[in-house]
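Heads up, final07.tsv below (TSV, C-alpha atoms):
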chain	number	residue	atom	x	y	z
A	1125	MET	CA	94.03	98.07	122.11
A	1126	PRO	CA	93.01	98.14	118.41
A	1127	LEU	CA	92.82	101.33	116.38
A	1128	ALA	CA	89.53	101.61	114.49
A	1129	LEU	CA	89.18	104.03	111.57
A	1130	HIS	CA	85.51	104.44	110.67
A	1131	LEU	CA	85.31	105.50	107.03
A	1132	GLY	CA	82.38	107.52	105.80
A	1133	THR	CA	81.26	107.74	102.18
A	1134	ALA	CA	83.50	110.74	101.50
A	1135	ASP	CA	86.50	108.90	102.98
A	1136	LEU	CA	85.89	105.86	100.81
A	1137	THR	CA	86.00	107.95	97.64
A	1138	ARG	CA	89.24	109.67	98.70
A	1139	CYS	CA	91.47	106.74	99.67
A	1140	ARG	CA	94.75	107.10	97.79
A	1141	PHE	CA	98.34	105.82	97.60
A	1142	ALA	CA	101.60	107.72	97.90
A	1143	ILE	CA	105.34	107.08	97.96
A	1144	SER	CA	107.29	109.33	100.33
A	1145	PRO	CA	111.11	109.42	100.28
A	1146	LEU	CA	110.99	111.36	103.56
A	1147	CYS	CA	108.80	108.79	105.32
A	1148	GLN	CA	111.04	106.01	103.98
A	1149	THR	CA	114.10	107.81	105.37
A	1150	HIS	CA	112.61	107.97	108.84
A	1151	GLU	CA	111.47	104.36	108.68
A	1152	ALA	CA	115.07	103.47	107.76
A	1153	LEU	CA	116.35	105.49	110.72
A	1154	ARG	CA	113.85	103.75	112.98
A	1155	MET	CA	115.15	100.40	111.77
A	1156	LEU	CA	118.73	101.44	112.57
A	1157	ARG	CA	117.47	102.36	116.02
A	1158	ARG	CA	115.67	99.02	116.52
A	1159	PRO	CA	117.71	96.48	114.48
A	1160	ALA	CA	116.62	93.33	116.35
A	1161	ARG	CA	113.11	93.55	114.85
A	1162	HIS	CA	114.14	93.54	111.19
A	1163	GLY	CA	115.79	90.28	110.24
A	1164	TYR	CA	115.00	90.72	106.53
A	1165	HIS	CA	117.57	93.49	106.23
A	1166	ARG	CA	120.58	92.29	108.25
A	1167	GLY	CA	123.00	92.82	105.36
A	1168	TRP	CA	121.65	96.32	104.76
A	1169	LEU	CA	121.93	97.12	108.47
A	1170	ARG	CA	125.59	96.09	108.54
A	1171	ARG	CA	126.34	98.14	105.45
A	1172	MET	CA	124.41	101.20	106.64
A	1173	ARG	CA	126.04	101.30	110.06
A	1174	ARG	CA	129.31	101.92	108.26
A	1175	ALA	CA	127.66	104.50	105.99
A	1176	VAL	CA	126.30	106.58	108.89
A	1177	ALA	CA	129.32	106.14	111.16
A	1178	GLY	CA	130.44	109.69	110.41
A	1179	LEU	CA	127.01	111.24	111.06
A	1180	ASP	CA	126.10	112.62	114.47
A	1181	LEU	CA	122.44	111.57	114.69
A	1182	ALA	CA	122.09	112.19	118.44
A	1183	GLU	CA	119.44	114.89	118.06
A	1184	LEU	CA	117.35	112.71	115.78
A	1185	TRP	CA	117.72	109.74	118.16
A	1186	LEU	CA	116.26	111.98	120.87
A	1187	PHE	CA	112.92	111.74	119.02
A	1188	ILE	CA	113.22	108.15	117.74
A	1189	PRO	CA	113.18	106.04	120.92
A	1190	PRO	CA	114.88	102.64	120.75
A	1191	VAL	CA	112.01	100.69	122.32
A	1192	GLY	CA	108.75	102.41	121.45
A	1193	GLY	CA	106.82	105.60	121.86
A	1194	TYR	CA	105.85	108.48	119.64
A	1195	THR	CA	108.01	110.03	116.92
A	1196	PRO	CA	106.97	113.57	115.90
A	1197	ASP	CA	104.80	113.41	112.81
A	1198	PHE	CA	106.47	116.42	111.19
A	1199	LEU	CA	109.65	114.36	110.77
A	1200	GLY	CA	107.86	112.24	108.14
A	1201	PRO	CA	104.41	113.70	107.48
A	1202	PRO	CA	101.90	112.16	105.05
A	1203	PRO	CA	102.69	113.66	101.62
A	1204	GLN	CA	100.20	115.91	99.88
A	1205	GLU	CA	100.85	114.41	96.43
A	1206	PRO	CA	101.38	110.85	95.21
A	1207	TYR	CA	105.08	111.04	94.23
A	1208	PRO	CA	106.83	113.96	95.94
A	1209	THR	CA	110.57	114.50	95.57
A	1210	ILE	CA	112.81	114.41	98.62
A	1211	GLU	CA	113.66	118.08	97.96
A	1212	ASP	CA	110.01	119.12	98.12
A	1213	GLU	CA	109.41	117.07	101.26
A	1214	LEU	CA	112.44	118.50	103.05
A	1215	ALA	CA	111.29	122.02	102.13
A	1216	ARG	CA	107.87	121.23	103.60
A	1217	MET	CA	109.51	119.84	106.75
A	1218	ARG	CA	111.64	122.99	107.15
A	1219	ALA	CA	108.44	125.08	106.90
A	1220	THR	CA	106.78	123.28	109.86
A	1221	ASP	CA	104.91	125.63	112.19
A	1222	PRO	CA	107.16	126.00	115.29
A	1223	VAL	CA	104.10	125.76	117.57
A	1224	LEU	CA	103.14	122.42	116.04
A	1225	ALA	CA	106.76	121.22	116.14
A	1226	ASN	CA	107.05	122.15	119.82
A	1227	ALA	CA	103.86	120.26	120.69
A	1228	GLU	CA	104.90	117.13	118.81
A	1229	MET	CA	108.45	117.15	120.19
A	1230	ALA	CA	107.15	117.63	123.75
A	1231	ARG	CA	104.79	114.68	123.30
A	1232	SER	CA	107.61	112.55	121.93
A	1233	LEU	CA	109.93	113.39	124.82
A	1234	ALA	CA	107.19	112.71	127.37
A	1235	CYS	CA	105.71	109.43	126.12
A	1236	THR	CA	108.68	107.28	125.23
A	1237	LEU	CA	108.44	103.64	126.35
A	1238	ALA	CA	112.16	103.59	127.15
A	1239	CYS	CA	111.53	104.56	130.80
A	1240	THR	CA	113.08	107.98	130.27
A	1241	PRO	CA	110.24	110.48	130.89
A	1242	GLU	CA	112.84	112.94	132.18
A	1243	LEU	CA	114.03	113.60	128.63
A	1244	ALA	CA	111.84	116.71	128.37
A	1245	GLU	CA	113.76	118.19	131.32
A	1246	SER	CA	117.18	117.09	130.11
A	1247	PRO	CA	119.56	119.73	128.67
A	1248	GLN	CA	119.03	118.25	125.19
A	1249	GLY	CA	115.26	118.22	125.56
A	1250	ARG	CA	115.09	121.77	126.92
A	1251	ALA	CA	117.34	123.05	124.13
A	1252	ALA	CA	115.12	121.44	121.51
A	1253	LEU	CA	111.92	122.86	122.96
A	1254	ASP	CA	113.28	126.34	123.76
A	1255	ASP	CA	113.79	127.16	120.06
A	1256	PRO	CA	111.59	124.80	118.01
A	1257	ALA	CA	112.18	126.65	114.73
A	1258	ALA	CA	115.95	126.16	115.00
A	1259	THR	CA	115.43	122.54	116.08
A	1260	VAL	CA	113.29	121.87	113.00
A	1261	ARG	CA	116.04	123.26	110.77
A	1262	ARG	CA	118.69	121.09	112.43
A	1263	LEU	CA	116.51	117.97	112.24
A	1264	ALA	CA	115.80	118.64	108.56
A	1265	ASP	CA	119.53	119.03	107.87
A	1266	LEU	CA	120.24	115.76	109.70
A	1267	THR	CA	117.44	114.02	107.80
A	1268	GLU	CA	118.83	115.26	104.48
A	1269	ARG	CA	122.26	113.85	105.32
A	1270	ALA	CA	120.66	110.58	106.44
A	1271	TRP	CA	118.75	110.38	103.12
A	1272	HIS	CA	121.97	110.67	101.13
A	1273	ALA	CA	123.74	108.08	103.31
A	1274	LEU	CA	120.90	105.55	103.70
A	1275	LEU	CA	118.58	105.67	100.72
A	1276	ALA	CA	119.70	107.86	97.82
A	1277	PRO	CA	122.16	105.32	96.32
A	1278	ASP	CA	119.54	102.53	96.28
A	1279	TRP	CA	116.41	104.64	95.83
A	1280	PRO	CA	115.61	103.44	92.28
A	1281	ARG	CA	115.40	99.84	93.56
A	1282	HIS	CA	113.36	100.86	96.61
A	1283	ARG	CA	110.99	102.95	94.54
A	1284	ALA	CA	110.51	100.08	92.07
A	1285	VAL	CA	109.39	97.78	94.92
A	1286	LEU	CA	106.99	100.42	96.27
A	1287	GLU	CA	105.56	101.17	92.81
A	1288	ALA	CA	105.11	97.45	92.12
A	1289	ASP	CA	103.18	97.10	95.39
A	1290	ILE	CA	100.87	99.98	94.47
A	1291	ALA	CA	100.34	98.54	90.99
A	1292	HIS	CA	99.43	95.14	92.46
A	1293	ARG	CA	96.97	96.59	94.96
A	1294	SER	CA	95.46	98.88	92.35
A	1295	ARG	CA	94.76	95.83	90.19
A	1296	ARG	CA	93.15	94.14	93.20
A	1297	ALA	CA	90.93	97.19	93.68
A	1298	ALA	CA	90.04	97.23	89.99
A	1299	ASP	CA	89.13	93.53	90.08
A	1300	GLY	CA	87.44	93.31	93.49
A	1301	GLY	CA	86.76	96.83	94.71
A	1302	LEU	CA	87.78	98.46	97.98
A	1303	ASP	CA	87.13	95.26	99.95
A	1304	ALA	CA	89.80	93.42	97.96
A	1305	LEU	CA	92.23	96.29	98.43
A	1306	LEU	CA	91.88	96.81	102.18
A	1307	THR	CA	91.62	93.18	103.29
A	1308	GLY	CA	95.09	92.36	101.97
A	1309	LEU	CA	97.14	95.20	103.43
A	1310	HIS	CA	98.54	93.35	106.47
A	1311	PRO	CA	97.59	90.40	108.73
A	1312	ALA	CA	96.92	92.86	111.56
A	1313	VAL	CA	94.52	94.97	109.47
A	1314	ASP	CA	90.84	94.06	109.33
A	1315	TRP	CA	88.18	95.63	107.12
A	1316	ALA	CA	84.49	95.15	107.89
A	1317	GLY	CA	81.43	97.35	108.11
A	1318	GLN	CA	83.27	100.39	106.71
A	1319	THR	CA	85.75	100.19	109.58
A	1320	LEU	CA	89.50	99.70	109.09
A	1321	THR	CA	90.86	98.12	112.28
A	1322	LEU	CA	94.55	97.92	113.14
A	1323	ARG	CA	95.04	95.23	115.78
A	1324	ARG	CA	97.98	95.10	118.23
A	1325	TYR	CA	98.15	98.88	118.22
A	1326	ALA	CA	99.15	101.08	121.15
A	1327	ASP	CA	99.40	104.81	121.97
A	1328	VAL	CA	96.21	105.84	120.18
A	1329	ALA	CA	94.39	107.72	122.90
A	1330	ASP	CA	94.21	110.99	120.94
A	1331	VAL	CA	94.41	109.68	117.39
A	1332	GLN	CA	92.18	111.52	114.95
A	1333	ARG	CA	89.28	109.92	113.15
A	1334	PRO	CA	88.68	110.17	109.38
A	1335	ASP	CA	86.63	113.24	108.51
A	1336	GLY	CA	86.06	113.06	104.76
A	1337	ARG	CA	89.69	113.53	103.68
A	1338	GLY	CA	90.08	109.80	103.12
A	1339	VAL	CA	92.92	107.55	104.21
A	1340	LEU	CA	96.40	107.69	102.70
A	1341	LEU	CA	97.98	104.27	102.07
A	1342	MET	CA	101.78	104.15	101.94
A	1343	PRO	CA	103.81	100.99	101.27
A	1344	SER	CA	107.14	100.79	103.08
A	1345	VAL	CA	110.26	98.66	102.73
A	1346	PHE	CA	111.20	99.12	106.39
A	1347	VAL	CA	108.03	99.08	108.50
A	1348	TRP	CA	107.76	95.26	108.78
A	1349	PRO	CA	106.60	93.53	110.98
A	1350	ASP	CA	104.33	96.41	111.95
A	1351	VAL	CA	101.67	98.49	110.34
A	1352	VAL	CA	101.77	102.15	111.40
A	1353	SER	CA	99.08	104.80	111.77
A	1354	GLY	CA	98.12	107.31	114.44
A	1355	PHE	CA	98.92	110.58	112.68
A	1356	ALA	CA	97.26	113.39	114.65
A	1357	ARG	CA	95.84	116.59	113.22
A	1358	PRO	CA	96.64	118.47	111.05
A	1359	TRP	CA	98.02	115.45	109.16
A	1360	GLN	CA	95.85	113.26	106.94
A	1361	PRO	CA	94.85	109.87	108.45
A	1362	SER	CA	97.38	107.41	107.04
A	1363	VAL	CA	98.35	103.75	107.13
A	1364	ILE	CA	101.96	102.68	106.45
A	1365	TYR	CA	102.17	98.96	105.67
A	1366	PRO	CA	104.92	96.53	104.51
A	1367	ALA	CA	105.37	96.47	100.73
A	1368	ARG	CA	105.16	93.20	98.84
A	1369	GLY	CA	108.62	91.99	97.84
A	1370	MET	CA	110.45	94.06	100.43
A	1371	GLY	CA	112.00	90.92	101.99
A	1372	HIS	CA	114.09	90.26	98.87
A	1373	LEU	CA	115.28	93.82	98.31
A	1374	HIS	CA	118.52	93.54	100.28
A	1375	THR	CA	119.02	89.79	100.27
A	1376	THR	CA	118.65	88.72	96.64
A	1377	PRO	CA	121.54	89.41	94.22
A	1378	ALA	CA	120.81	90.67	90.73
A	1379	PRO	CA	119.56	87.66	88.75
A	1380	ARG	CA	121.83	86.21	86.08
A	1381	PRO	CA	120.00	85.61	82.80
A	1382	PRO	CA	120.05	82.11	81.30
A	1383	GLU	CA	123.01	81.71	78.95
A	1384	ALA	CA	120.76	80.53	76.11
A	1385	LEU	CA	118.71	83.73	76.41
A	1386	ALA	CA	121.87	85.87	76.47
A	1387	ARG	CA	123.11	84.19	73.28
A	1388	LEU	CA	119.75	84.78	71.61
A	1389	VAL	CA	119.11	88.45	72.47
A	1390	GLY	CA	122.50	89.66	73.73
A	1391	HIS	CA	123.87	89.91	77.26
A	1392	GLN	CA	122.70	93.48	77.93
A	1393	ARG	CA	119.17	92.87	76.72
A	1394	ALA	CA	118.96	89.57	78.62
A	1395	ALA	CA	120.19	91.29	81.80
A	1396	VAL	CA	117.53	93.99	81.46
A	1397	LEU	CA	114.82	91.33	81.08
A	1398	ALA	CA	116.15	89.26	83.99
A	1399	GLY	CA	116.32	92.36	86.21
A	1400	LEU	CA	112.62	93.14	85.79
A	1401	ALA	CA	111.35	90.82	88.52
A	1402	VAL	CA	109.47	93.91	89.70
A	1403	PRO	CA	108.43	96.72	87.33
A	1404	ALA	CA	110.93	99.54	86.87
A	1405	SER	CA	111.42	102.69	84.81
A	1406	THR	CA	114.02	103.37	82.15
A	1407	THR	CA	115.98	105.57	84.58
A	1408	ASP	CA	115.96	102.88	87.28
A	1409	LEU	CA	117.21	100.25	84.86
A	1410	ALA	CA	119.92	102.55	83.52
A	1411	CYS	CA	121.23	103.12	87.06
A	1412	ARG	CA	120.95	99.44	87.95
A	1413	HIS	CA	122.82	98.15	84.90
A	1414	GLY	CA	125.22	101.02	84.36
A	1415	LEU	CA	123.86	101.78	80.89
A	1416	ALA	CA	122.84	104.97	79.13
A	1417	PRO	CA	119.08	105.63	79.32
A	1418	SER	CA	118.93	105.69	75.52
A	1419	THR	CA	120.49	102.21	75.40
A	1420	VAL	CA	118.02	100.87	77.95
A	1421	SER	CA	115.13	102.49	76.07
A	1422	ALA	CA	116.18	100.73	72.86
A	1423	HIS	CA	116.41	97.36	74.65
A	1424	LEU	CA	112.99	97.88	76.24
A	1425	SER	CA	111.41	98.69	72.87
A	1426	VAL	CA	112.73	95.48	71.32
A	1427	LEU	CA	111.65	93.36	74.30
A	1428	ARG	CA	108.19	94.89	74.32
A	1429	GLU	CA	107.74	94.39	70.57
A	1430	ALA	CA	108.68	90.73	71.09
A	1431	GLY	CA	105.88	90.35	73.62
A	1432	LEU	CA	108.23	89.91	76.59
A	1433	LEU	CA	107.39	93.19	78.34
A	1434	GLU	CA	104.40	95.41	78.92
A	1435	SER	CA	104.40	99.05	79.99
A	1436	ARG	CA	102.08	101.30	81.98
A	1437	ARG	CA	102.21	104.80	83.39
A	1438	GLN	CA	102.59	105.24	87.17
A	1439	GLY	CA	102.55	108.90	88.17
A	1440	TYR	CA	105.35	110.66	86.32
A	1441	TYR	CA	107.01	107.42	85.22
A	1442	VAL	CA	106.46	104.68	82.66
A	1443	LEU	CA	107.09	101.31	84.31
A	1444	TYR	CA	108.08	98.17	82.41
A	1445	GLY	CA	107.22	94.69	83.64
A	1446	ARG	CA	107.57	91.20	82.23
A	1447	THR	CA	104.74	89.33	80.55
A	1448	ALA	CA	104.16	85.63	81.29
A	1449	LEU	CA	106.39	84.77	78.34
A	1450	GLY	CA	109.03	87.18	79.61
A	1451	ASP	CA	108.90	85.49	83.03
A	1452	ALA	CA	109.34	82.07	81.45
A	1453	LEU	CA	112.37	83.18	79.44
A	1454	ALA	CA	114.01	85.06	82.31
A	1455	ASP	CA	113.50	82.14	84.69
A	1456	GLY	CA	114.84	79.60	82.23
A	1457	ARG	CA	111.52	77.74	82.05
A	1458	PHE	CA	111.35	78.17	78.26
A	1459	THR	CA	114.41	77.52	76.14
A	1460	PRO	CA	114.58	79.64	72.95
A	1461	GLY	CA	114.72	77.44	69.90
A	1462	ALA	CA	113.67	74.31	71.81
A	1463	GLY	CA	111.05	71.98	70.45

Would you write out, as structure tokens, the structure that this file holds?
Amino acid sequence: MPLALHLGTADLTRCRFAISPLCQTHEALRMLRRPARHGYHRGWLRRMRRAVAGLDLAELWLFIPPVGGYTPDFLGPPPQEPYPTIEDELARMRATDPVLANAEMARSLACTLACTPELAESPQGRAALDDPAATVRRLADLTERAWHALLAPDWPRHRAVLEADIAHRSRRAADGGLDALLTGLHPAVDWAGQTLTLRRYADVADVQRPDGRGVLLMPSVFVWPDVVSGFARPWQPSVIYPARGMGHLHTTPAPRPPEALARLVGHQRAAVLAGLAVPASTTDLACRHGLAPSTVSAHLSVLREAGLLESRRQGYYVLYGRTALGDALADGRFTPGAG
């Protein structure tokens, strides 16, 4: 059964992007719960199972079924701003209305596809529903610990992939309008006649319809092979789709710059250039290469002045990406001093 989102004029003018550390954390947890569906990240899965071995995630697993079903929206709600911090999102999660939390948890316990509808009457389910405010606090604490174990160490790399996806799609929208943006989100997403249709979608009987607030588009490293929607009120209609480049995030080692380039510009500067396969900020590059931000900033200035990099602002950050000449040098397709 496809999910059709009929966008009115007001919705079309309010479509926007966002990057949510909280949503990414819950997508990562969902991938740990359903590892067979995510072959791109086998190495990450092996590493993360060791990282979370000391965490008792049983209460979170209660609401993240291993086969299918509904996960409460308040665990990873659509963000209200483009680039929220994990601290702000966790604070918002802890402030969830207990009545709303109870309704969403009850729905999750009742509609799992794992053939366990009795979960709502289990001791764990009853305890969760009897005091929803306390349950929200415990789930937020568990989510915070999961964030630090699963995503915080690698977040600069993850964020760089998500920001690069948004930059690419924003350029598509600038060049070809909303049609160019929405037709390339995912093979299972169709856009025609002001209707965004998500094929192969289930559990949408009570999904809300756009009402002038627009649709929030969120790239994700972990959602592949799916595209996710179905947020009910009061949450904004949202679509979570696989980010471009996410397949190489955990499988591709840091590129080694060509030796000729390293001799020409220095090993540190060459490594910074080679590491910019996707745009990144000064802070990201400093963490990635183990350098002081001031050192990275100096390298970036020289590379940009040489025409190898370009910069642009994305939210609160300035992102640096390679030019065509920078790509050629980093990939070894142009040898300095040749000719």

Residue contacts of Ala1230 of chain A (10 Å, only C-alpha atoms) excluding same-chain residues fewer than 2 positions away, as a compact mmCIF listing (two decimals) with C-alpha atoms, keeping the file's coordinate frame:
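Saved to result-v5.txt:
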# COMPACT_ATOMS: atom_id res chain seq x y z
CA PHE A 1187 112.92 111.74 119.02
CA PRO A 1196 106.97 113.57 115.90
CA LEU A 1224 103.14 122.42 116.04
CA ALA A 1225 106.76 121.22 116.14
CA ASN A 1226 107.05 122.15 119.82
CA ALA A 1227 103.86 120.26 120.69
CA GLU A 1228 104.90 117.13 118.81
CA SER A 1232 107.61 112.55 121.93
CA LEU A 1233 109.93 113.39 124.82
CA ALA A 1234 107.19 112.71 127.37
CA CYS A 1235 105.71 109.43 126.12
CA LEU A 1243 114.03 113.60 128.63
CA ALA A 1244 111.84 116.71 128.37
CA GLY A 1249 115.26 118.22 125.56
CA ARG A 1250 115.09 121.77 126.92
CA ALA A 1252 115.12 121.44 121.51
CA LEU A 1253 111.92 122.86 122.96

Report task. May I ask which of the residues A:Tyr1365, A:Phe1355, A:Phe1198, A:Phe1141 is the closest one to Pro1222 of chain A, counting all atoms listed in the file? Result ->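 Smallest distance to Pro1222 of chain A is found for A:Phe1198.
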
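Take atom CA of Ala1316 of chain A and atom CA of Val1363 of chain A: the distance between them is 16.3 Å.
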
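In this comparison, which uses only C-alpha atoms, the residue of A:Gly1308, A:Pro1159, A:Gly1132, A:Gly1167 approaching Pro1190 of chain A most closely is A:Pro1159.
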
Enclose segment 1381-1385 of chain A, meaning all of its atoms listed in the file, in a box aligned along x, y and z, pad it by 3 Å on each side, and list the centre and edge lengths in Å to one decimal, as lines of an AutoDock Vina configuration file.
center_x = 120.9
center_y = 83.1
center_z = 79.5
size_x = 10.3
size_y = 11.1
size_z = 12.7

Report task. Show which residues sit within 9 Å of His1423 of chain A, as a PyMOL selection string. Count only C-alpha atoms, and ignore same-chain residues fewer than 6 positions away. Result -> chain A and resi 1392-1393+1396-1397

Query raised in the report: Mind listing as a ChimeraX atom specification all residues within 9 Å of (115.7, 88.6, 74.7), counting all atoms listed in the file?
Result: /A:1385-1391,1393-1397,1423,1426-1427,1430,1432,1450,1453-1454

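Atom CA of Leu1449 of chain A to atom CA of Arg1436 of chain A spans 17.5 Å [interatomic distance, one decimal].
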
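Note that atom CA of Asp1212 of chain A and atom CA of Arg1368 of chain A are 26.4 Å apart.
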
Query raised in the report: Out of A:Glu1383, A:Leu1424, A:Pro1256, A:His1130, which residue has the shortest atom-to-atom distance to Asp1314 of chain A when counting all atoms listed in the file?
Result: A:His1130

**Report entry** Which residue of A:Arg1216, A:Arg1157, A:Arg1293, A:Arg1337 approaches Pro1203 of chain A most closely, using only C-alpha atoms
**Finding:** A:Arg1216

Query - Residue among A:Tyr1194, A:Trp1315, A:Trp1271, A:Trp1185 lying closest to Cys1147 of chain A, counting only C-alpha atoms - result: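 Looking only at the distances to Cys1147 of chain A, the closest residue turns out to be A:Trp1271.
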
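The smallest atom-to-atom distance between Ala1284 of chain A and any of A:Arg1262, A:Arg1412, A:His1272, A:Arg1428, using all atoms listed in the file, is found for A:Arg1412.
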
Query raised in the report: Which residues, written as a PyMOL selection string, have at least one atom at most 10 Å from segment 1403-1408 of chain A, with all atoms listed in the file counted and residues fewer than 6 positions away on the same chain left out?
Result: chain A and resi 1278-1289+1291+1414-1424+1433-1438+1441-1446

Report task. For Gln1360 of chain A, work out the shell of residues within 12 Å, counting only C-alpha atoms and skipping chain neighbours fewer than 3 positions away, then give it as a PyMOL selection string. Result -> chain A and resi 1135+1138-1140+1197-1198+1201-1205+1331-1342+1353-1357+1363

I need the residues from that last selection saved to file as an mmCIF file, keeping the file's coordinate frame (with C-alpha atoms), if you can.
data_model
loop_
_atom_site.group_PDB
_atom_site.id
_atom_site.type_symbol
_atom_site.label_atom_id
_atom_site.label_comp_id
_atom_site.auth_asym_id
_atom_site.auth_seq_id
_atom_site.Cartn_x
_atom_site.Cartn_y
_atom_site.Cartn_z
ATOM 1 C CA ASP A 1135 86.500 108.900 102.980
ATOM 2 C CA ARG A 1138 89.240 109.670 98.700
ATOM 3 C CA CYS A 1139 91.470 106.740 99.670
ATOM 4 C CA ARG A 1140 94.750 107.100 97.790
ATOM 5 C CA ASP A 1197 104.800 113.410 112.810
ATOM 6 C CA PHE A 1198 106.470 116.420 111.190
ATOM 7 C CA PRO A 1201 104.410 113.700 107.480
ATOM 8 C CA PRO A 1202 101.900 112.160 105.050
ATOM 9 C CA PRO A 1203 102.690 113.660 101.620
ATOM 10 C CA GLN A 1204 100.200 115.910 99.880
ATOM 11 C CA GLU A 1205 100.850 114.410 96.430
ATOM 12 C CA VAL A 1331 94.410 109.680 117.390
ATOM 13 C CA GLN A 1332 92.180 111.520 114.950
ATOM 14 C CA ARG A 1333 89.280 109.920 113.150
ATOM 15 C CA PRO A 1334 88.680 110.170 109.380
ATOM 16 C CA ASP A 1335 86.630 113.240 108.510
ATOM 17 C CA GLY A 1336 86.060 113.060 104.760
ATOM 18 C CA ARG A 1337 89.690 113.530 103.680
ATOM 19 C CA GLY A 1338 90.080 109.800 103.120
ATOM 20 C CA VAL A 1339 92.920 107.550 104.210
ATOM 21 C CA LEU A 1340 96.400 107.690 102.700
ATOM 22 C CA LEU A 1341 97.980 104.270 102.070
ATOM 23 C CA MET A 1342 101.780 104.150 101.940
ATOM 24 C CA SER A 1353 99.080 104.800 111.770
ATOM 25 C CA GLY A 1354 98.120 107.310 114.440
ATOM 26 C CA PHE A 1355 98.920 110.580 112.680
ATOM 27 C CA ALA A 1356 97.260 113.390 114.650
ATOM 28 C CA ARG A 1357 95.840 116.590 113.220
ATOM 29 C CA VAL A 1363 98.350 103.750 107.130
#
